[in-house]
$ cat start-v2.cif   # mmCIF, C-alpha atoms
data_run
#
loop_
_atom_site.label_atom_id
_atom_site.label_comp_id
_atom_site.auth_asym_id
_atom_site.auth_seq_id
_atom_site.Cartn_x
_atom_site.Cartn_y
_atom_site.Cartn_z
CA GLY A 28 -5.11 -4.82 -0.14
CA PRO A 29 -2.84 -3.55 2.60
CA VAL A 30 -2.92 0.12 3.46
CA PHE A 31 -1.26 2.37 5.96
CA GLY A 32 -1.34 6.03 6.76
CA HIS A 33 0.73 8.69 8.50
CA SER A 34 -0.80 10.85 11.22
CA TRP A 35 -2.71 13.84 9.91
CA GLU A 36 -1.42 15.68 12.99
CA GLY A 37 2.15 15.47 11.77
CA LYS A 38 3.25 12.95 14.40
CA GLU A 39 4.27 9.35 14.04
CA LYS A 40 4.06 6.54 16.52
CA GLY A 41 5.97 3.29 16.42
CA PRO A 42 4.45 -0.16 15.91
CA GLU A 43 3.95 -0.58 19.65
CA ASN A 44 1.51 2.36 19.55
CA CYS A 45 -0.59 1.35 16.58
CA ARG A 46 -3.75 1.75 18.63
CA SER A 47 -2.83 5.27 19.67
CA ALA A 48 -4.63 8.47 18.78
CA TYR A 49 -2.69 8.74 15.54
CA TRP A 50 -3.14 6.92 12.27
CA PRO A 51 -2.24 3.34 12.99
CA CYS A 52 0.43 2.96 10.34
CA ALA A 53 -0.84 -0.36 9.10
CA THR A 54 -3.72 -2.75 8.60
CA PHE A 55 -1.89 -5.16 6.38
CA GLY A 56 -4.65 -7.60 5.38
CA GLU A 57 -3.04 -10.62 3.76
CA ALA A 58 0.52 -9.44 4.41
CA ARG A 59 2.24 -11.36 7.21
CA ASN A 60 4.53 -10.30 9.99
CA PHE A 61 7.06 -13.03 9.21
CA ALA A 62 9.49 -11.93 11.89
CA SER A 63 7.06 -12.42 14.77
CA GLN A 64 5.18 -15.43 13.39
CA LYS A 65 8.29 -17.06 11.93
CA GLN A 66 6.27 -18.52 9.07
CA PRO A 67 7.76 -19.18 5.62
CA LEU A 68 6.39 -17.43 2.59
CA PRO A 69 3.99 -19.58 0.55
CA THR A 70 5.73 -21.48 -2.24
CA ARG A 71 2.81 -21.74 -4.65
CA SER A 72 -0.02 -19.49 -5.76
CA LYS A 73 -2.39 -19.26 -8.70
CA PHE A 74 -2.29 -15.47 -8.52
CA MET A 75 0.25 -13.09 -9.98
CA CYS A 76 1.61 -10.13 -8.02
CA GLY A 77 2.85 -10.38 -4.48
CA ILE A 78 2.47 -8.47 -1.21
CA VAL A 79 4.77 -8.43 1.80
CA GLY A 80 4.45 -6.35 4.94
CA TYR A 81 6.29 -5.85 8.21
CA VAL A 82 5.61 -4.17 11.55
CA GLY A 83 8.33 -4.69 14.14
CA HIS A 84 11.48 -3.39 15.79
CA ARG A 85 14.01 -3.85 12.98
CA ASP A 86 14.68 -1.51 10.11
CA VAL A 87 12.23 -2.61 7.46
CA LYS A 88 14.10 -1.94 4.20
CA ASP A 89 16.11 -5.15 3.90
CA PHE A 90 13.20 -7.24 5.15
CA LEU A 91 10.89 -5.92 2.43
CA ILE A 92 13.44 -6.39 -0.35
CA GLU A 93 14.12 -9.97 0.74
CA GLY A 94 10.40 -10.65 0.99
CA LEU A 95 9.87 -9.39 -2.55
CA ARG A 96 12.73 -11.56 -3.81
CA ARG A 97 10.99 -14.58 -2.34
CA LEU A 98 7.82 -13.60 -4.22
CA GLU A 99 9.49 -13.27 -7.63
CA TYR A 100 8.25 -16.72 -8.67
CA ARG A 101 4.76 -15.24 -9.07
CA GLY A 102 5.77 -13.21 -12.12
CA TYR A 103 5.87 -9.42 -12.24
CA ASP A 104 7.02 -6.41 -14.25
CA SER A 105 7.67 -3.83 -11.52
CA ALA A 106 8.18 -3.59 -7.77
CA GLY A 107 7.91 -1.01 -5.04
CA ILE A 108 7.92 -0.41 -1.30
CA ALA A 109 6.38 2.11 1.11
CA VAL A 110 8.03 2.72 4.46
CA MET A 111 6.63 4.62 7.43
CA GLY A 112 9.34 6.79 8.94
CA ALA A 113 9.66 9.81 11.19
CA ASP A 114 8.92 12.14 8.26
CA GLY A 115 5.92 10.21 6.93
CA VAL A 116 5.48 7.67 4.13
CA ALA A 117 8.39 7.20 1.73
CA VAL A 118 7.80 5.29 -1.53
CA ARG A 119 10.38 3.77 -3.88
CA LYS A 120 9.44 2.06 -7.18
CA ARG A 121 11.17 0.54 -10.17
CA VAL A 122 10.15 -1.16 -13.41
CA GLY A 123 12.02 -4.43 -13.83
CA LYS A 124 13.52 -6.81 -11.33
CA VAL A 125 13.58 -6.52 -7.55
CA ASN A 126 17.35 -6.11 -7.77
CA GLU A 127 16.78 -2.80 -9.56
CA LEU A 128 14.51 -1.67 -6.73
CA ALA A 129 17.17 -2.79 -4.24
CA SER A 130 19.76 -0.66 -6.05
CA LEU A 131 17.43 2.35 -5.91
CA VAL A 132 16.90 1.88 -2.17
CA GLU A 133 20.66 1.75 -1.66
CA THR A 134 21.19 5.08 -3.45
CA SER A 135 17.98 6.66 -2.11
CA PRO A 136 17.54 5.05 1.31
CA VAL A 137 14.37 4.80 3.38
CA THR A 138 14.30 4.17 7.12
CA GLY A 139 11.51 2.91 9.33
CA LYS A 140 10.20 -0.05 11.29
CA MET A 141 7.00 -0.46 9.35
CA GLY A 142 6.40 -0.95 5.64
CA MET A 143 4.99 -2.95 2.78
CA GLY A 144 6.11 -4.06 -0.65
CA HIS A 145 4.50 -5.20 -3.88
CA THR A 146 5.43 -6.90 -7.12
CA ARG A 147 3.04 -5.98 -9.94
CA TRP A 148 1.87 -7.76 -13.06
CA ALA A 149 0.29 -5.04 -15.21
CA THR A 150 -3.45 -5.18 -15.86
CA HIS A 151 -4.69 -1.57 -15.97
CA GLY A 152 -1.87 0.72 -17.02
CA LYS A 153 1.39 -0.06 -18.78
CA PRO A 154 4.42 -1.44 -16.91
CA GLU A 155 5.75 2.00 -16.03
CA GLU A 156 7.18 3.37 -12.80
CA ARG A 157 4.18 5.61 -12.15
CA ASN A 158 1.88 2.58 -12.37
CA ALA A 159 3.90 0.47 -9.96
CA HIS A 160 2.59 0.03 -6.42
CA PRO A 161 2.36 1.40 -3.73
CA HIS A 162 -0.04 4.21 -4.61
CA LEU A 163 -0.65 7.30 -2.48
CA ASP A 164 -3.55 9.62 -1.82
CA GLY A 165 -3.23 13.30 -2.65
CA SER A 166 -1.71 14.16 0.73
CA GLY A 167 0.94 11.43 0.50
CA ARG A 168 -0.11 10.14 3.92
CA LEU A 169 -1.97 7.02 2.80
CA ALA A 170 -0.25 4.21 0.88
CA VAL A 171 -2.01 1.23 -0.70
CA VAL A 172 -0.98 -1.95 -2.48
CA GLN A 173 -3.56 -4.29 -3.97
CA ASN A 174 -3.89 -7.54 -5.87
CA GLY A 175 -6.85 -8.14 -8.14
CA ILE A 176 -8.97 -6.10 -10.54
CA ILE A 177 -11.39 -3.27 -9.73
CA GLU A 178 -13.86 -3.55 -12.58
CA ASN A 179 -15.71 -0.28 -11.89
CA PHE A 180 -12.58 1.84 -11.38
CA ARG A 181 -13.32 4.14 -14.33
CA THR A 182 -16.63 5.22 -12.80
CA LEU A 183 -14.95 5.82 -9.44
CA ARG A 184 -12.07 7.66 -11.08
CA GLU A 185 -14.41 10.01 -12.94
CA GLU A 186 -16.33 10.68 -9.72
CA LEU A 187 -13.14 11.60 -7.89
CA GLN A 188 -11.77 13.68 -10.74
CA ALA A 189 -15.01 15.68 -10.77
CA GLU A 190 -14.18 16.60 -7.17
CA GLY A 191 -10.71 17.79 -8.16
CA VAL A 192 -8.67 14.68 -7.35
CA VAL A 193 -5.50 14.41 -9.45
CA PHE A 194 -4.41 10.90 -10.44
CA ARG A 195 -0.74 10.07 -10.92
CA SER A 196 -1.19 6.67 -12.56
CA ASP A 197 -3.40 4.78 -14.99
CA THR A 198 -4.13 1.98 -12.52
CA ASP A 199 -7.39 0.82 -11.01
CA THR A 200 -5.73 0.59 -7.59
CA GLU A 201 -5.18 4.32 -7.21
CA VAL A 202 -8.88 4.93 -6.64
CA ILE A 203 -8.53 3.20 -3.25
CA PRO A 204 -6.29 5.71 -1.43
CA HIS A 205 -8.30 8.62 -2.83
CA LEU A 206 -11.63 7.09 -1.77
CA LEU A 207 -10.21 6.29 1.64
CA SER A 208 -8.76 9.76 2.09
CA ARG A 209 -12.13 11.30 1.25
CA GLU A 210 -13.95 9.03 3.68
CA LEU A 211 -11.50 9.72 6.49
CA GLY A 212 -11.85 13.44 5.84
CA ARG A 213 -15.59 13.14 6.25
CA LEU A 214 -15.26 11.21 9.49
CA VAL A 215 -12.79 13.70 10.96
CA ALA A 216 -14.97 16.63 9.86
CA ALA A 217 -17.82 15.00 11.76
CA GLY A 218 -15.75 15.16 14.92
CA ARG A 219 -14.16 11.73 14.93
CA ARG A 220 -10.63 11.41 16.28
CA PRO A 221 -7.93 9.86 14.04
CA SER A 222 -7.17 6.34 15.25
CA GLY A 223 -6.57 2.81 14.07
CA SER A 224 -10.24 1.95 14.47
CA LEU A 225 -11.21 4.97 12.38
CA LEU A 226 -8.92 3.85 9.55
CA LEU A 227 -10.55 0.41 9.68
CA GLU A 228 -13.99 2.01 9.68
CA GLY A 229 -13.03 4.07 6.65
CA LEU A 230 -11.85 0.98 4.80
CA GLN A 231 -15.03 -0.90 5.61
CA ALA A 232 -17.07 2.03 4.32
CA ILE A 233 -15.41 2.16 0.89
CA LEU A 234 -14.92 -1.56 0.21
CA PRO A 235 -18.54 -2.15 -0.95
CA ARG A 236 -17.92 0.41 -3.69
CA LEU A 237 -15.06 -1.64 -5.19
CA HIS A 238 -16.41 -4.23 -7.62
CA GLY A 239 -14.12 -6.87 -9.05
CA GLU A 240 -12.17 -10.01 -8.35
CA ASN A 241 -9.04 -11.10 -6.56
#
$ encode --input "start-v2.cif" --output "structure tokens"
Amino acid sequence: GPVFGHSWEGKEKGPENCRSAYWPCATFGEARNFASQKQPLPTRSKFMCGIVGYVGHRDVKDFLIEGLRRLEYRGYDSAGIAVMGADGVAVRKRVGKVNELASLVETSPVTGKMGMGHTRWATHGKPEERNAHPHLDGSGRLAVVQNGIIENFRTLREELQAEGVVFRSDTDTEVIPHLLSRELGRLVAAGRRPSGSLLLEGLQAILPRLHGEN
């Protein structure tokens, strides 16, 4: 699933600098940059849940909300967005319809030119706000949304908890940002410099540990 992360050095670069020395903000996977590609959202899918992402020069909030509205046909019980701004990653979530999330964003605004959104159909964890996507790592600098099922998440969760990781949800997805954060920490401790390629390397390192289906 899509993931992005804020610079560990406390700085943030715009989309035009995603290959800079700082965390690249986004590797969105299946999410599309609709504004630049000018492609319509798919109208049919056999999968529940939906992902939308944007990297560009416009404020992302309205784009993400509209994208999630166009994914409502998939079926869902909660929705959320993560936006990369000058102060880091801001997350907003709501159980219920996208309109409820839109109302939350109006009263508790987020600003940025990069972000992602998700509509969730509960599998692991009840339809509660804390189980809605996106999910963060312990530092709050990495955000992840994911479709599918991680069948071995309990084993991974127990492994991480034994190392002191605190989980905020009951979902299988939350193991991903924590695994990624740990892997990136190892790479940086080994002398690697934070970069977009390092984030990709970290993702590639942990993906074989995630067993399941899309």
$ closest_atom_pairs --input "start-v2.cif" --of "segment 66-127 of chain A" --to "segment 150-161 of chain A" --cutoff "9 Å" --atoms "only C-alpha atoms" --output "tab-separated table"
residue	atom	partner	partner_atom	distance
A:Asp104	CA	A:Pro154	CA	6.2
A:Ser105	CA	A:Ala159	CA	5.9
A:Ala106	CA	A:Ala159	CA	6.3
A:Gly107	CA	A:His160	CA	5.6
A:Ile108	CA	A:Pro161	CA	6.3
A:Ala109	CA	A:Pro161	CA	6.3
A:Val118	CA	A:Pro161	CA	7.0
A:Arg119	CA	A:Pro161	CA	8.4
A:Lys120	CA	A:Glu156	CA	6.2
A:Arg121	CA	A:Glu156	CA	5.6
A:Val122	CA	A:Glu156	CA	5.5
A:Gly123	CA	A:Pro154	CA	8.7
$ resolve_selection --input "start-v2.cif" --expression "the PyMOL selection byres ((chain A and resi 193) around 12)" --output "PyMOL selection string"
chain A and resi 163-166+184-192+194-197+201-202+204-205
$ resolve_selection --input "start-v2.cif" --expression "the PyMOL selection byres ((chain A and resi 132) around 12)" --output "list in words"
Val87, Lys88, Asp89, Leu91, Ile92, Ala106, Gly107, Ile108, Ala109, Val110, Ala117, Val118, Arg119, Lys120, Arg121, Val125, Asn126, Glu127, Leu128, Ala129, Ser130, Leu131, Glu133, Thr134, Ser135, Pro136, Val137 and Thr138 of chain A
$ write_last_selection --input "start-v2.cif" --atoms "C-alpha atoms" --output "PDB file, in the coordinates of the input"
ATOM      1  CA  VAL A  87      12.230  -2.610   7.460  1.00  0.00           C
ATOM      2  CA  LYS A  88      14.100  -1.940   4.200  1.00  0.00           C
ATOM      3  CA  ASP A  89      16.110  -5.150   3.900  1.00  0.00           C
ATOM      4  CA  LEU A  91      10.890  -5.920   2.430  1.00  0.00           C
ATOM      5  CA  ILE A  92      13.440  -6.390  -0.350  1.00  0.00           C
ATOM      6  CA  ALA A 106       8.180  -3.590  -7.770  1.00  0.00           C
ATOM      7  CA  GLY A 107       7.910  -1.010  -5.040  1.00  0.00           C
ATOM      8  CA  ILE A 108       7.920  -0.410  -1.300  1.00  0.00           C
ATOM      9  CA  ALA A 109       6.380   2.110   1.110  1.00  0.00           C
ATOM     10  CA  VAL A 110       8.030   2.720   4.460  1.00  0.00           C
ATOM     11  CA  ALA A 117       8.390   7.200   1.730  1.00  0.00           C
ATOM     12  CA  VAL A 118       7.800   5.290  -1.530  1.00  0.00           C
ATOM     13  CA  ARG A 119      10.380   3.770  -3.880  1.00  0.00           C
ATOM     14  CA  LYS A 120       9.440   2.060  -7.180  1.00  0.00           C
ATOM     15  CA  ARG A 121      11.170   0.540 -10.170  1.00  0.00           C
ATOM     16  CA  VAL A 125      13.580  -6.520  -7.550  1.00  0.00           C
ATOM     17  CA  ASN A 126      17.350  -6.110  -7.770  1.00  0.00           C
ATOM     18  CA  GLU A 127      16.780  -2.800  -9.560  1.00  0.00           C
ATOM     19  CA  LEU A 128      14.510  -1.670  -6.730  1.00  0.00           C
ATOM     20  CA  ALA A 129      17.170  -2.790  -4.240  1.00  0.00           C
ATOM     21  CA  SER A 130      19.760  -0.660  -6.050  1.00  0.00           C
ATOM     22  CA  LEU A 131      17.430   2.350  -5.910  1.00  0.00           C
ATOM     23  CA  GLU A 133      20.660   1.750  -1.660  1.00  0.00           C
ATOM     24  CA  THR A 134      21.190   5.080  -3.450  1.00  0.00           C
ATOM     25  CA  SER A 135      17.980   6.660  -2.110  1.00  0.00           C
ATOM     26  CA  PRO A 136      17.540   5.050   1.310  1.00  0.00           C
ATOM     27  CA  VAL A 137      14.370   4.800   3.380  1.00  0.00           C
ATOM     28  CA  THR A 138      14.300   4.170   7.120  1.00  0.00           C
TER      29      THR A 138
END
$ atom_distance --input "start-v2.cif" --atom1 "atom CA of Tyr81 of chain A" --atom2 "atom CA of Pro235 of chain A"
26.7 Å
$ closest_residue --input "start-v2.cif" --among "A:Gly139, A:Leu206, A:Gly112, A:Arg96" --to "His84 of chain A" --atoms "all atoms listed in the file"
A:Gly139
$ atom_distance --input "start-v2.cif" --atom1 "atom CA of Val79 of chain A" --atom2 "atom CA of Arg147 of chain A"
12.1 Å
$ closest_residue --input "start-v2.cif" --among "A:Arg97, A:Arg168, A:Lys124, A:Arg85" --to "Met111 of chain A" --atoms "only C-alpha atoms"
A:Arg168
$ atom_distance --input "start-v2.cif" --atom1 "atom CA of Val82 of chain A" --atom2 "atom CA of Gly142 of chain A"
6.8 Å
$ closest_residue --input "start-v2.cif" --among "A:Val171, A:Leu226, A:Arg220, A:Val215" --to "Asp199 of chain A" --atoms "only C-alpha atoms"
A:Val171
$ closest_residue --input "start-v2.cif" --among "A:Lys140, A:Val116, A:Arg236, A:Thr200" --to "Phe90 of chain A" --atoms "all atoms listed in the file"
A:Lys140
$ residues_around --input "start-v2.cif" --residues "Ile176 of chain A" --least-positions-apart "3" --cutoff "12 Å" --atoms "all atoms listed in the file" --output "list of chain:residue names"
A:Gly28, A:Phe74, A:Met75, A:Cys76, A:Trp148, A:Ala149, A:Thr150, A:His151, A:Gly152, A:Gln173, A:Asn179, A:Phe180, A:Arg181, A:Thr198, A:Asp199, A:Thr200, A:Glu201, A:Val202, A:Ile203, A:Leu237, A:His238, A:Gly239, A:Glu240, A:Asn241
